[in-house]
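Pasted below: coords-v6.txt, compact mmCIF, C-alpha atoms.
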```txt
# COMPACT_ATOMS: atom_id res chain seq x y z
CA MET A 1 208.92 -37.21 134.60
CA TYR A 2 208.67 -38.11 130.91
CA PHE A 3 208.21 -34.45 129.98
CA HIS A 4 211.30 -33.51 131.99
CA ARG A 5 213.49 -36.01 130.15
CA SER A 6 212.16 -34.79 126.78
CA VAL A 7 213.10 -31.23 127.58
CA LYS A 8 216.61 -32.34 128.59
CA ALA A 9 217.07 -34.29 125.35
CA ALA A 10 215.88 -31.39 123.25
CA GLY A 11 218.29 -29.11 125.04
CA LEU A 12 221.21 -31.42 124.37
CA ILE A 13 220.36 -31.69 120.67
CA LEU A 14 220.09 -27.92 120.39
CA ALA A 15 223.46 -27.47 122.07
CA ALA A 16 225.07 -30.00 119.74
CA VAL A 17 223.64 -28.34 116.65
CA LEU A 18 224.81 -24.93 117.80
CA LEU A 19 228.28 -26.25 118.57
CA GLY A 20 228.49 -27.87 115.17
CA LEU A 21 227.41 -24.75 113.36
CA LEU A 22 229.83 -22.60 115.31
CA ALA A 23 232.68 -25.00 114.64
CA VAL A 24 232.30 -24.96 110.85
CA GLN A 25 231.17 -21.39 110.50
CA GLY A 26 234.64 -19.96 109.98
CA THR A 27 235.53 -22.38 107.23
CA TYR A 28 232.48 -21.69 105.16
CA ALA A 29 232.34 -18.00 105.82
CA LEU A 30 235.71 -17.12 104.25
CA TRP A 31 236.56 -16.95 100.58
CA SER A 32 238.63 -19.45 98.68
CA SER A 33 239.64 -19.96 95.09
CA SER A 34 241.49 -22.66 93.23
CA ALA A 35 243.16 -23.39 89.94
CA SER A 36 244.86 -26.49 88.64
CA ALA A 37 247.56 -27.43 86.18
CA ALA A 38 248.39 -30.71 84.51
CA PRO A 39 252.15 -30.77 83.86
CA GLY A 40 251.81 -33.90 81.72
CA THR A 41 253.89 -37.04 81.40
CA VAL A 42 257.66 -37.24 81.18
CA ASN A 43 258.83 -40.06 78.92
CA GLY A 44 262.13 -41.86 78.97
CA ALA A 45 264.09 -42.19 75.76
CA ASP A 46 265.17 -45.47 74.24
CA PHE A 47 268.86 -46.33 74.09
CA ILE A 48 269.11 -47.56 70.53
CA VAL A 49 272.46 -48.40 69.01
CA ASN A 50 272.44 -50.26 65.70
CA LEU A 51 275.45 -52.20 64.51
CA LEU A 52 276.52 -53.06 60.98
CA GLY A 53 279.20 -55.67 60.43
CA SER A 54 281.65 -55.77 57.57
CA PRO A 55 282.35 -57.73 55.48
CA SER A 56 279.31 -59.75 56.57
CA GLY A 57 276.83 -56.95 55.94
CA GLN A 58 274.82 -58.17 58.90
CA SER A 59 273.08 -55.64 61.11
CA THR A 60 271.41 -55.74 64.47
CA SER A 61 270.40 -53.61 67.38
CA MET A 62 272.84 -53.97 70.26
CA THR A 63 269.97 -54.98 72.52
CA MET A 64 267.49 -57.66 71.59
CA ALA A 65 263.78 -57.35 72.24
CA ASP A 66 264.09 -59.40 75.41
CA GLY A 67 266.81 -57.07 76.73
CA SER A 68 269.70 -59.41 76.10
CA ALA A 69 272.88 -58.40 74.29
CA ALA A 70 272.99 -59.07 70.58
CA SER A 71 275.70 -60.98 68.76
CA LEU A 72 276.93 -59.76 65.40
CA ALA A 73 279.03 -61.80 62.97
CA LEU A 74 281.57 -59.73 61.08
CA THR A 75 282.37 -62.59 58.76
CA THR A 76 280.14 -65.38 57.58
CA SER A 77 280.48 -68.35 55.29
CA GLY A 78 278.97 -66.22 52.55
CA SER A 79 281.28 -63.32 53.33
CA PRO A 80 284.40 -64.98 54.68
CA ALA A 81 287.50 -63.27 55.86
CA SER A 82 290.46 -63.28 53.57
CA GLU A 83 293.09 -65.96 54.07
CA LEU A 84 295.25 -65.13 57.06
CA THR A 85 298.99 -65.48 56.62
CA PRO A 86 301.95 -64.13 58.62
CA SER A 87 302.50 -61.52 55.96
CA ALA A 88 298.84 -60.66 55.24
CA PRO A 89 296.54 -59.53 58.04
CA ILE A 90 292.79 -59.57 57.64
CA TYR A 91 290.36 -56.77 58.40
CA ALA A 92 286.80 -56.45 59.59
CA SER A 93 284.79 -53.62 61.04
CA VAL A 94 281.67 -52.70 62.95
CA THR A 95 279.73 -49.51 62.38
CA ALA A 96 277.75 -48.20 65.36
CA SER A 97 274.85 -45.79 64.81
CA ASN A 98 273.41 -43.75 67.63
CA ASP A 99 269.70 -44.02 66.81
CA THR A 100 268.22 -42.88 70.09
CA ASP A 101 264.96 -40.94 70.22
CA ALA A 102 266.23 -38.77 73.08
CA GLY A 103 264.83 -35.27 73.15
CA GLY A 104 268.03 -33.53 74.13
CA THR A 105 271.73 -34.04 73.65
CA PHE A 106 272.63 -37.71 73.80
CA ASN A 107 276.15 -38.65 72.82
CA ILE A 108 277.61 -42.09 73.17
CA THR A 109 280.89 -43.89 72.68
CA LEU A 110 281.45 -47.43 71.50
CA ALA A 111 284.26 -49.42 73.06
CA ALA A 112 285.81 -52.67 71.91
CA GLY A 113 287.15 -54.69 74.84
CA GLU A 114 289.74 -57.37 75.26
CA PRO A 115 289.17 -60.08 72.67
CA ILE A 116 288.69 -63.76 73.35
CA ILE A 117 290.32 -66.07 70.79
CA ARG A 118 289.10 -69.66 70.73
CA ASN A 119 290.55 -72.47 68.71
CA GLU A 120 288.38 -74.61 66.55
CA VAL A 121 288.49 -78.29 67.46
CA GLY A 122 292.00 -79.67 66.81
CA SER A 123 293.52 -76.25 66.21
CA ASN A 124 296.32 -74.46 68.06
CA LEU A 125 296.24 -71.29 66.02
CA ALA A 126 294.83 -68.94 68.70
CA GLN A 127 298.12 -68.48 70.55
CA PHE A 128 299.71 -67.02 67.40
CA MET A 129 296.92 -64.56 66.63
CA LYS A 130 296.85 -60.91 67.62
CA VAL A 131 293.87 -58.60 67.37
CA SER A 132 294.21 -54.85 67.15
CA ALA A 133 291.71 -52.09 66.53
CA VAL A 134 291.40 -48.47 65.51
CA THR A 135 288.51 -46.08 65.18
CA ALA A 136 287.55 -44.66 61.81
CA ASN A 137 284.84 -42.76 60.03
CA SER A 138 284.38 -45.38 57.35
CA SER A 139 284.89 -49.12 57.07
CA ALA A 140 286.56 -48.56 53.72
CA SER A 141 289.54 -47.01 55.47
CA CYS A 142 290.27 -50.02 57.69
CA SER A 143 292.88 -51.59 55.46
CA SER A 144 294.75 -48.33 55.06
CA ALA A 145 294.66 -47.16 58.69
CA ASN A 146 298.02 -47.17 60.41
CA ASN A 147 297.20 -46.43 64.04
CA TYR A 148 296.04 -49.88 65.10
CA GLN A 149 296.46 -50.68 68.77
CA GLU A 150 296.55 -54.18 70.13
CA LEU A 151 293.31 -54.85 71.95
CA GLY A 152 293.88 -55.41 75.63
CA ALA A 153 292.00 -54.69 78.82
CA ALA A 154 291.98 -50.96 78.07
CA GLY A 155 290.24 -51.56 74.77
CA VAL A 156 289.67 -49.05 72.01
CA THR A 157 286.94 -46.41 72.28
CA THR A 158 285.46 -44.23 69.58
CA ALA A 159 285.14 -40.51 69.81
CA SER A 160 281.76 -39.20 70.87
CA ILE A 161 278.95 -40.28 68.57
CA ALA A 162 276.20 -37.67 68.40
CA LYS A 163 272.52 -38.44 68.06
CA GLY A 164 271.90 -39.71 64.52
CA ALA A 165 275.61 -40.13 63.76
CA SER A 166 277.82 -43.21 63.49
CA LYS A 167 281.43 -44.28 63.96
CA VAL A 168 283.45 -47.28 62.91
CA ILE A 169 285.81 -49.55 64.78
CA CYS A 170 288.19 -51.44 62.49
CA PHE A 171 289.71 -54.74 63.53
CA LYS A 172 292.92 -56.22 62.25
CA VAL A 173 293.90 -59.80 62.91
CA HIS A 174 297.43 -60.90 62.17
CA LEU A 175 299.74 -63.79 62.92
CA ILE A 176 302.91 -63.20 64.80
CA SER A 177 306.10 -63.66 62.81
CA SER A 178 307.05 -66.84 64.68
CA THR A 179 303.90 -68.67 63.66
CA PRO A 180 305.00 -72.14 62.53
CA SER A 181 304.00 -73.40 59.15
CA THR A 182 302.20 -76.28 60.86
CA MET A 183 299.39 -73.85 61.64
CA ALA A 184 298.45 -73.72 58.01
CA GLY A 185 294.82 -74.72 57.53
CA GLN A 186 293.92 -74.29 61.18
CA SER A 187 291.29 -71.85 62.37
CA ALA A 188 290.12 -69.95 65.42
CA ASN A 189 287.24 -67.66 66.32
CA VAL A 190 287.65 -64.16 67.65
CA PHE A 191 285.09 -62.63 70.00
CA VAL A 192 285.24 -58.93 70.81
CA PRO A 193 282.91 -57.45 73.46
CA LEU A 194 281.38 -54.14 72.41
CA THR A 195 280.00 -51.64 74.90
CA ALA A 196 278.07 -48.46 74.13
CA THR A 197 278.12 -45.86 76.86
CA GLN A 198 276.29 -42.58 77.22
CA VAL A 199 278.62 -39.63 77.42
CA CYS A 200 277.89 -37.50 80.44
CA GLY A 201 276.14 -34.35 79.37
CA VAL A 202 275.57 -32.90 82.81
CA PRO A 203 277.36 -29.59 83.38
CA SER A 204 278.24 -30.45 86.95
CA GLY A 205 279.57 -33.84 85.99
CA CYS A 206 278.42 -37.40 86.42
CA PRO A 207 279.31 -39.88 89.13
CA MET B 1 164.23 13.12 124.10
CA LYS B 2 165.60 11.92 120.78
CA ASN B 3 166.48 15.46 119.63
CA ALA B 4 168.29 16.16 122.85
CA THR B 5 170.47 13.14 122.31
CA LEU B 6 171.33 14.24 118.76
CA ILE B 7 172.23 17.71 119.96
CA LYS B 8 174.50 16.29 122.65
CA GLY B 9 176.28 14.09 120.08
CA ALA B 10 176.81 16.94 117.66
CA GLY B 11 178.27 19.04 120.44
CA ALA B 12 180.72 16.36 121.40
CA ILE B 13 181.87 16.06 117.79
CA ALA B 14 182.34 19.79 117.56
CA VAL B 15 184.47 19.83 120.71
CA GLY B 16 186.62 17.00 119.38
CA ALA B 17 187.15 18.75 116.07
CA GLY B 18 188.18 21.88 117.91
CA LEU B 19 190.75 20.00 119.93
CA LEU B 20 192.19 18.45 116.76
CA LEU B 21 192.52 21.83 115.13
CA GLY B 22 194.35 23.09 118.18
CA GLY B 23 196.88 20.20 117.97
CA GLY B 24 197.44 20.81 114.23
CA GLY B 25 198.47 24.29 114.95
CA THR B 26 201.26 23.06 117.26
CA LEU B 27 202.85 20.84 114.53
CA ALA B 28 202.96 23.64 112.02
CA TRP B 29 205.19 25.87 114.09
CA TRP B 30 208.73 24.20 114.27
CA ASN B 31 210.22 21.58 111.94
CA ALA B 32 213.76 20.41 111.17
CA ALA B 33 215.28 17.86 108.77
CA ASP B 34 218.76 16.59 107.86
CA SER B 35 220.21 13.69 105.85
CA ALA B 36 223.30 11.51 105.81
CA ALA B 37 224.93 9.49 102.99
CA PRO B 38 226.62 6.39 104.46
CA GLY B 39 228.27 5.70 101.10
CA THR B 40 228.71 2.50 99.14
CA ILE B 41 230.27 -0.59 100.60
CA VAL B 42 232.50 -2.33 98.07
CA ALA B 43 233.55 -5.93 98.50
CA GLY B 44 237.14 -6.96 98.02
CA ASP B 45 238.31 -9.82 95.85
CA LEU B 46 240.15 -13.10 96.18
CA ASN B 47 241.16 -15.18 93.20
CA VAL B 48 243.90 -17.41 91.88
CA ALA B 49 244.08 -18.15 88.17
CA LYS B 50 246.59 -19.55 85.73
CA ALA B 51 248.28 -16.93 83.61
CA GLY B 52 248.56 -19.00 80.46
CA ALA B 53 249.67 -22.57 80.02
CA GLY B 54 252.56 -24.05 81.96
CA VAL B 55 255.95 -24.32 80.28
CA TRP B 56 258.57 -27.06 80.36
CA THR B 57 262.25 -26.20 79.94
CA ASP B 58 265.39 -28.31 79.84
CA ARG B 59 268.54 -27.89 81.89
CA ALA B 60 269.77 -25.16 79.53
CA GLY B 61 266.51 -23.24 79.85
CA ASN B 62 265.26 -24.09 76.37
CA THR B 63 261.52 -24.62 76.04
CA ILE B 64 260.56 -28.19 75.20
CA ASP B 65 257.37 -30.05 74.36
CA VAL B 66 257.11 -32.62 77.10
CA ALA B 67 254.66 -34.66 75.02
CA SER B 68 257.36 -35.50 72.49
CA TYR B 69 260.56 -34.96 74.47
CA LYS B 70 262.29 -38.14 75.67
CA VAL B 71 264.51 -37.88 78.71
CA VAL B 72 267.87 -39.58 79.25
CA PRO B 73 270.03 -39.87 82.34
CA GLY B 74 271.37 -36.42 83.17
CA ASP B 75 268.27 -34.60 81.94
CA LYS B 76 266.68 -32.10 84.29
CA LEU B 77 263.35 -30.64 83.24
CA THR B 78 261.50 -27.82 84.94
CA PHE B 79 257.77 -27.17 84.76
CA THR B 80 256.80 -23.56 85.36
CA GLN B 81 253.25 -22.35 85.87
CA THR B 82 252.56 -18.66 86.36
CA LEU B 83 249.62 -17.75 88.58
CA THR B 84 247.82 -14.49 89.05
CA VAL B 85 246.82 -14.01 92.66
CA THR B 86 244.25 -11.31 93.32
CA LEU B 87 243.78 -10.16 96.88
CA THR B 88 241.79 -7.02 97.52
CA GLY B 89 240.44 -5.93 100.85
CA ASP B 90 241.71 -3.81 103.71
CA LYS B 91 241.88 -6.76 106.01
CA MET B 92 242.40 -9.41 103.36
CA ALA B 93 244.79 -12.24 104.13
CA ALA B 94 244.99 -15.62 102.44
CA GLU B 95 247.14 -18.69 102.22
CA LEU B 96 248.25 -20.11 98.87
CA THR B 97 249.07 -23.78 98.69
CA ALA B 98 250.01 -26.13 95.87
CA THR B 99 249.28 -29.82 96.08
CA GLY B 100 250.22 -32.47 93.58
CA THR B 101 247.86 -35.39 93.14
CA GLY B 102 247.53 -38.40 90.93
CA ALA B 103 251.20 -38.77 90.01
CA SER B 104 252.35 -42.18 88.88
CA SER B 105 255.89 -43.25 88.11
CA GLY B 106 257.18 -45.99 85.90
CA PHE B 107 260.77 -45.06 86.71
CA THR B 108 262.97 -46.72 89.27
CA ALA B 109 262.53 -44.63 92.40
CA GLY B 110 266.23 -44.05 92.95
CA ASN B 111 266.84 -42.92 89.40
CA VAL B 112 264.61 -39.85 89.40
CA ALA B 113 264.09 -36.88 91.66
CA VAL B 114 260.82 -34.98 91.40
CA THR B 115 260.20 -31.97 93.60
CA THR B 116 256.94 -30.89 95.13
CA PRO B 117 255.58 -27.62 93.71
CA VAL B 118 257.57 -24.62 94.89
CA LEU B 119 255.83 -21.24 94.93
CA THR B 120 257.90 -18.12 94.41
CA SER B 121 257.27 -14.47 93.71
CA GLY B 122 260.00 -12.26 92.40
CA GLY B 123 262.46 -15.09 92.81
CA THR B 124 261.72 -15.55 96.49
CA VAL B 125 259.75 -18.38 98.02
CA ILE B 126 256.44 -16.94 99.18
CA THR B 127 255.53 -16.75 102.83
CA ASN B 128 251.93 -17.24 103.84
CA PRO B 129 249.71 -15.45 104.53
CA LEU B 130 249.59 -13.24 101.46
CA THR B 131 247.91 -9.87 101.78
CA THR B 132 248.34 -8.27 98.36
CA SER B 133 247.86 -9.21 94.75
CA LYS B 134 250.91 -10.60 93.00
CA THR B 135 252.22 -12.89 90.34
CA VAL B 136 253.31 -16.23 91.69
CA THR B 137 255.38 -18.83 89.90
CA ALA B 138 255.00 -22.50 90.66
CA THR B 139 257.85 -24.80 89.63
CA ILE B 140 258.34 -28.54 89.61
CA THR B 141 261.61 -30.15 88.58
CA PHE B 142 262.10 -33.64 87.20
CA GLU B 143 265.63 -35.00 87.19
CA PHE B 144 266.70 -38.25 85.59
CA LYS B 145 269.79 -38.91 87.66
CA SER B 146 273.04 -39.51 85.83
CA SER B 147 273.73 -42.33 88.28
CA ALA B 148 271.33 -44.60 86.37
CA THR B 149 273.12 -47.67 85.09
CA GLY B 150 272.76 -50.14 82.25
CA ARG B 151 269.61 -49.47 80.27
CA ALA B 152 267.59 -48.65 83.36
CA ASP B 153 264.28 -46.92 82.72
CA THR B 154 264.52 -46.69 78.96
CA THR B 155 261.04 -45.85 77.61
CA ALA B 156 259.70 -45.42 81.15
CA SER B 157 257.01 -42.82 81.86
CA TYR B 158 256.28 -40.49 84.75
CA ASP B 159 252.82 -38.94 84.87
CA LEU B 160 252.95 -35.88 87.08
CA GLY B 161 249.17 -35.88 87.51
CA ASN B 162 247.53 -32.65 88.56
CA VAL B 163 248.69 -29.76 90.67
CA ALA B 164 245.99 -27.91 92.55
CA PHE B 165 246.61 -24.33 93.63
CA THR B 166 244.31 -23.23 96.42
CA LEU B 167 243.99 -19.73 97.78
CA THR B 168 242.09 -19.63 101.05
CA GLN B 169 241.21 -16.53 103.00
CA ILE B 170 242.17 -16.59 106.64
CA GLN B 171 240.80 -14.42 109.38
CA GLN B 172 243.32 -11.88 110.52
CA PRO B 173 243.96 -11.84 114.26
CA GLY B 174 241.73 -9.33 115.99
CA LEU B 175 239.34 -9.06 113.10
CA ALA B 176 235.88 -9.46 114.54
```
Spit out the file's structure as structure tokens when you get a sec.
Amino acid sequence: MYFHRSVKAAGLILAAVLLGLLAVQGTYALWSSSASAAPGTVNGADFIVNLLGSPSGQSTSMTMADGSAASLALTTSGSPASELTPSAPIYASVTASNDTDAGGTFNITLAAGEPIIRNEVGSNLAQFMKVSAVTANSSASCSSANNYQELGAAGVTTASIAKGASKVICFKVHLISSTPSTMAGQSANVFVPLTATQVCGVPSGCP
Amino acid sequence: MKNATLIKGAGAIAVGAGLLLGGGGTLAWWNAADSAAPGTIVAGDLNVAKAGAGVWTDRAGNTIDVASYKVVPGDKLTFTQTLTVTLTGDKMAAELTATGTGASSGFTAGNVAVTTPVLTSGGTVITNPLTTSKTVTATITFEFKSSATGRADTTASYDLGNVAFTLTQIQQPGLA
């Protein structure tokens, strides 16, 4: 009886081994060859736009290290704006440099948006102030430019700034002719939002 | 008695020798010989190998060095690897596959589009099984979509890992 069971077990094992060998035989019997390639790593560029204010001489990257937007003073106590009178506007400018490390074409524009004018404490000057802007190639030409447009919602946008190049936006602040003399000695702050935008370089267009 | 036995033995030997001589005479009469040359059996060949290093190009088709090139939204880069496929054998048939492994992306998923390897020959996508030797081109495209907003994915990295090209012989139907 014991011998009979042993023979049966041996037979089953033999059948299993044969089945296994037959099942994998085709895979191992045929040829195969392989090659591999390592395409590498694609790296994203940095969007670096540096700003230089005038007359302050201050400079900053548009984006701070923590990702927040930078603030740039165009005038400071050490480099104040000229005295503003109804007959004498004042000028300031910001120079934007496209300092990206992009590998290919990377053009940008810089836009100045609608300004916000805030009175200093006890002042009512803001309502009599107008801010206009024009694009230029140099801050030195701001006082002689004659194409200033009043800054509104549409803003003023530079021409395309190529990689490594820079453009200037000039600002002119003036008082309207009906500004009362009681405004003398009062002051207000002007804030202008600046936005740098990549120019679409895709042949088929961008959304 | 002893001599008689010796004589009998010698006689038997003599008879045997005579019979052997008679048989030898039969073999000497007819003889024929011929030969055949089955020839040499030569094995075929199966191989896939890179034909030089892969090349990256930009959207305009200019060659770039991906190690130093930095992509911006709107960029579309193409990796091209040329392969030499050798298939020799009267009943040779094989399947060529390309599999990407080990890729890792630091980009926002919706801002990039990366294709799986596409295999073409003569500008046409190959159809397995292959039966003859040919030059095959594998391409992978990486697109940084122009729909990216803000400063999304500045300085991000996308490691494309490895692409394995495998050429495996298959048994043709009816081939025993």
Checklist entry - Quick one: which residues from chain A are at most 9 Å off chain B, using only C-alpha atoms, as a ChimeraX atom specification? => result /A:26-27,30-47,67,101-106,197-198,200-202,205-207
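Reported to one decimal place, the separation of CA of Val168 in chain A from CA of Gly155 in chain A is 14.3 Å.
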Checklist entry - To one decimal place, how far is CA of Ala109 in chain B from CA of Thr109 in chain A in Å? => result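 So the two atoms, CA of Ala109 in chain B and CA of Thr109 in chain A, lie 27.0 Å apart.
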Taking all atoms of range 125-140 of chain A that appear in the file, build a box with edges along x, y and z, extend it by 6 Å on every side, and state its centre and edge lengths in Å to one decimal, as JSON.
```
{"center_x": 292.0, "center_y": -57.0, "center_z": 62.1, "size_x": 27.3, "size_y": 40.5, "size_z": 28.8}
```
Checklist entry - To one decimal place, how far is CA of Pro180 in chain A from CA of Pro115 in chain A in Å? => result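 Rounded to one decimal, the two atoms are 22.3 Å apart.
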Checklist entry - At most 6 Å from (254.6, -21.2, 92.2), file frame, all atoms listed in the file: which residues, as a list in words? => result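 Within 6 Å of (254.6, -21.2, 92.2), the protein and nucleic acid residues are Val118, Leu119, Thr120, Val136, Thr137, Ala138 and Thr139 of chain B.
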Checklist entry - Using only C-alpha atoms, which residues sit within 7 Å of Ala133 in chain A once same-chain residues fewer than 2 positions away are excluded, as JSON, numbers by chain? => result {"A": [131, 135, 148, 149, 150, 151, 156, 169, 170, 171, 172]}
Checklist entry - Using only C-alpha atoms, which residues sit within 7 Å of range 120-129 of chain A once same-chain residues fewer than 6 positions away are excluded, as a list of chain:residue names? => result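 In the requested form, the answer reads A:Val173, A:His174, A:Leu175, A:Ile176, A:Thr179, A:Met183, A:Gln186, A:Ser187, A:Ala188.
Distances to Thr100 in chain A were evaluated for A:Thr195, A:Ser166, A:Ser177, A:Ser56 using all atoms listed in the file, and the minimum falls at A:Ser166.
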Item to check | Distance query Val192 in chain A at most 7 Å, only C-alpha atoms, self and fewer than 3 positions along chain excluded, as a PyMOL selection string | outcome: chain A and resi 112-116
Next on the checklist: So, with all atoms listed in the file as the atoms that count, which of A:Ser61, A:Asn107, A:Ser54, A:Ser79 lies closest to Lys163 in chain A?
Outcome noted: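 Once distances to Lys163 in chain A are computed over all atoms listed in the file, the minimum belongs to A:Asn107.
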For range 84-139 of chain A, write C-alpha atoms out as an mmCIF file, in the first residue's frame.
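Output contents, as saved in result.cif:
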```cif
data_model
loop_
_atom_site.group_PDB
_atom_site.id
_atom_site.type_symbol
_atom_site.label_atom_id
_atom_site.label_comp_id
_atom_site.auth_asym_id
_atom_site.auth_seq_id
_atom_site.Cartn_x
_atom_site.Cartn_y
_atom_site.Cartn_z
ATOM 1 C CA LEU A 84 5.816 119.004 -7.051
ATOM 2 C CA THR A 85 3.990 122.104 -8.218
ATOM 3 C CA PRO A 86 1.122 122.626 -10.682
ATOM 4 C CA SER A 87 3.602 123.873 -13.232
ATOM 5 C CA ALA A 88 6.424 121.388 -12.534
ATOM 6 C CA PRO A 89 5.796 117.647 -12.722
ATOM 7 C CA ILE A 90 8.186 115.172 -11.176
ATOM 8 C CA TYR A 91 9.679 112.088 -12.788
ATOM 9 C CA ALA A 92 10.799 108.676 -11.683
ATOM 10 C CA SER A 93 11.522 105.461 -13.505
ATOM 11 C CA VAL A 94 11.988 101.737 -13.154
ATOM 12 C CA THR A 95 14.357 99.704 -15.283
ATOM 13 C CA ALA A 96 13.451 96.039 -15.768
ATOM 14 C CA SER A 97 16.133 93.537 -16.796
ATOM 15 C CA ASN A 98 15.249 90.135 -18.164
ATOM 16 C CA ASP A 99 17.885 88.017 -16.408
ATOM 17 C CA THR A 100 16.421 84.581 -16.948
ATOM 18 C CA ASP A 101 18.637 81.540 -17.419
ATOM 19 C CA ALA A 102 16.254 80.055 -19.990
ATOM 20 C CA GLY A 103 17.902 77.928 -22.634
ATOM 21 C CA GLY A 104 15.807 79.140 -25.534
ATOM 22 C CA THR A 105 13.994 82.282 -26.529
ATOM 23 C CA PHE A 106 12.405 83.948 -23.540
ATOM 24 C CA ASN A 107 10.972 87.405 -24.061
ATOM 25 C CA ILE A 108 8.981 89.294 -21.501
ATOM 26 C CA THR A 109 7.076 92.526 -21.146
ATOM 27 C CA LEU A 110 6.759 94.731 -18.098
ATOM 28 C CA ALA A 111 3.439 96.417 -17.439
ATOM 29 C CA ALA A 112 2.632 99.230 -15.056
ATOM 30 C CA GLY A 113 -0.955 99.016 -13.813
ATOM 31 C CA GLU A 114 -3.430 101.464 -12.403
ATOM 32 C CA PRO A 115 -1.783 103.454 -9.624
ATOM 33 C CA ILE A 116 -3.029 103.798 -6.081
ATOM 34 C CA ILE A 117 -2.521 107.255 -4.553
ATOM 35 C CA ARG A 118 -2.749 107.486 -0.773
ATOM 36 C CA ASN A 119 -2.705 110.634 1.269
ATOM 37 C CA GLU A 120 -0.354 111.025 4.149
ATOM 38 C CA VAL A 121 -2.103 111.660 7.452
ATOM 39 C CA GLY A 122 -3.905 115.034 7.335
ATOM 40 C CA SER A 123 -3.371 115.470 3.604
ATOM 41 C CA ASN A 124 -5.915 115.836 0.800
ATOM 42 C CA LEU A 125 -3.432 116.079 -2.020
ATOM 43 C CA ALA A 126 -4.142 112.695 -3.673
ATOM 44 C CA GLN A 127 -7.299 113.817 -5.460
ATOM 45 C CA PHE A 128 -5.317 116.467 -7.357
ATOM 46 C CA MET A 129 -2.514 114.172 -8.472
ATOM 47 C CA LYS A 130 -2.289 112.405 -11.814
ATOM 48 C CA VAL A 131 0.174 109.693 -12.736
ATOM 49 C CA SER A 132 1.142 108.942 -16.302
ATOM 50 C CA ALA A 133 3.751 106.671 -17.816
ATOM 51 C CA VAL A 134 5.674 105.976 -20.983
ATOM 52 C CA THR A 135 8.178 103.349 -22.006
ATOM 53 C CA ALA A 136 11.738 104.294 -22.848
ATOM 54 C CA ASN A 137 15.145 102.839 -23.457
ATOM 55 C CA SER A 138 16.831 104.944 -20.801
ATOM 56 C CA SER A 139 15.779 106.612 -17.571
#
```
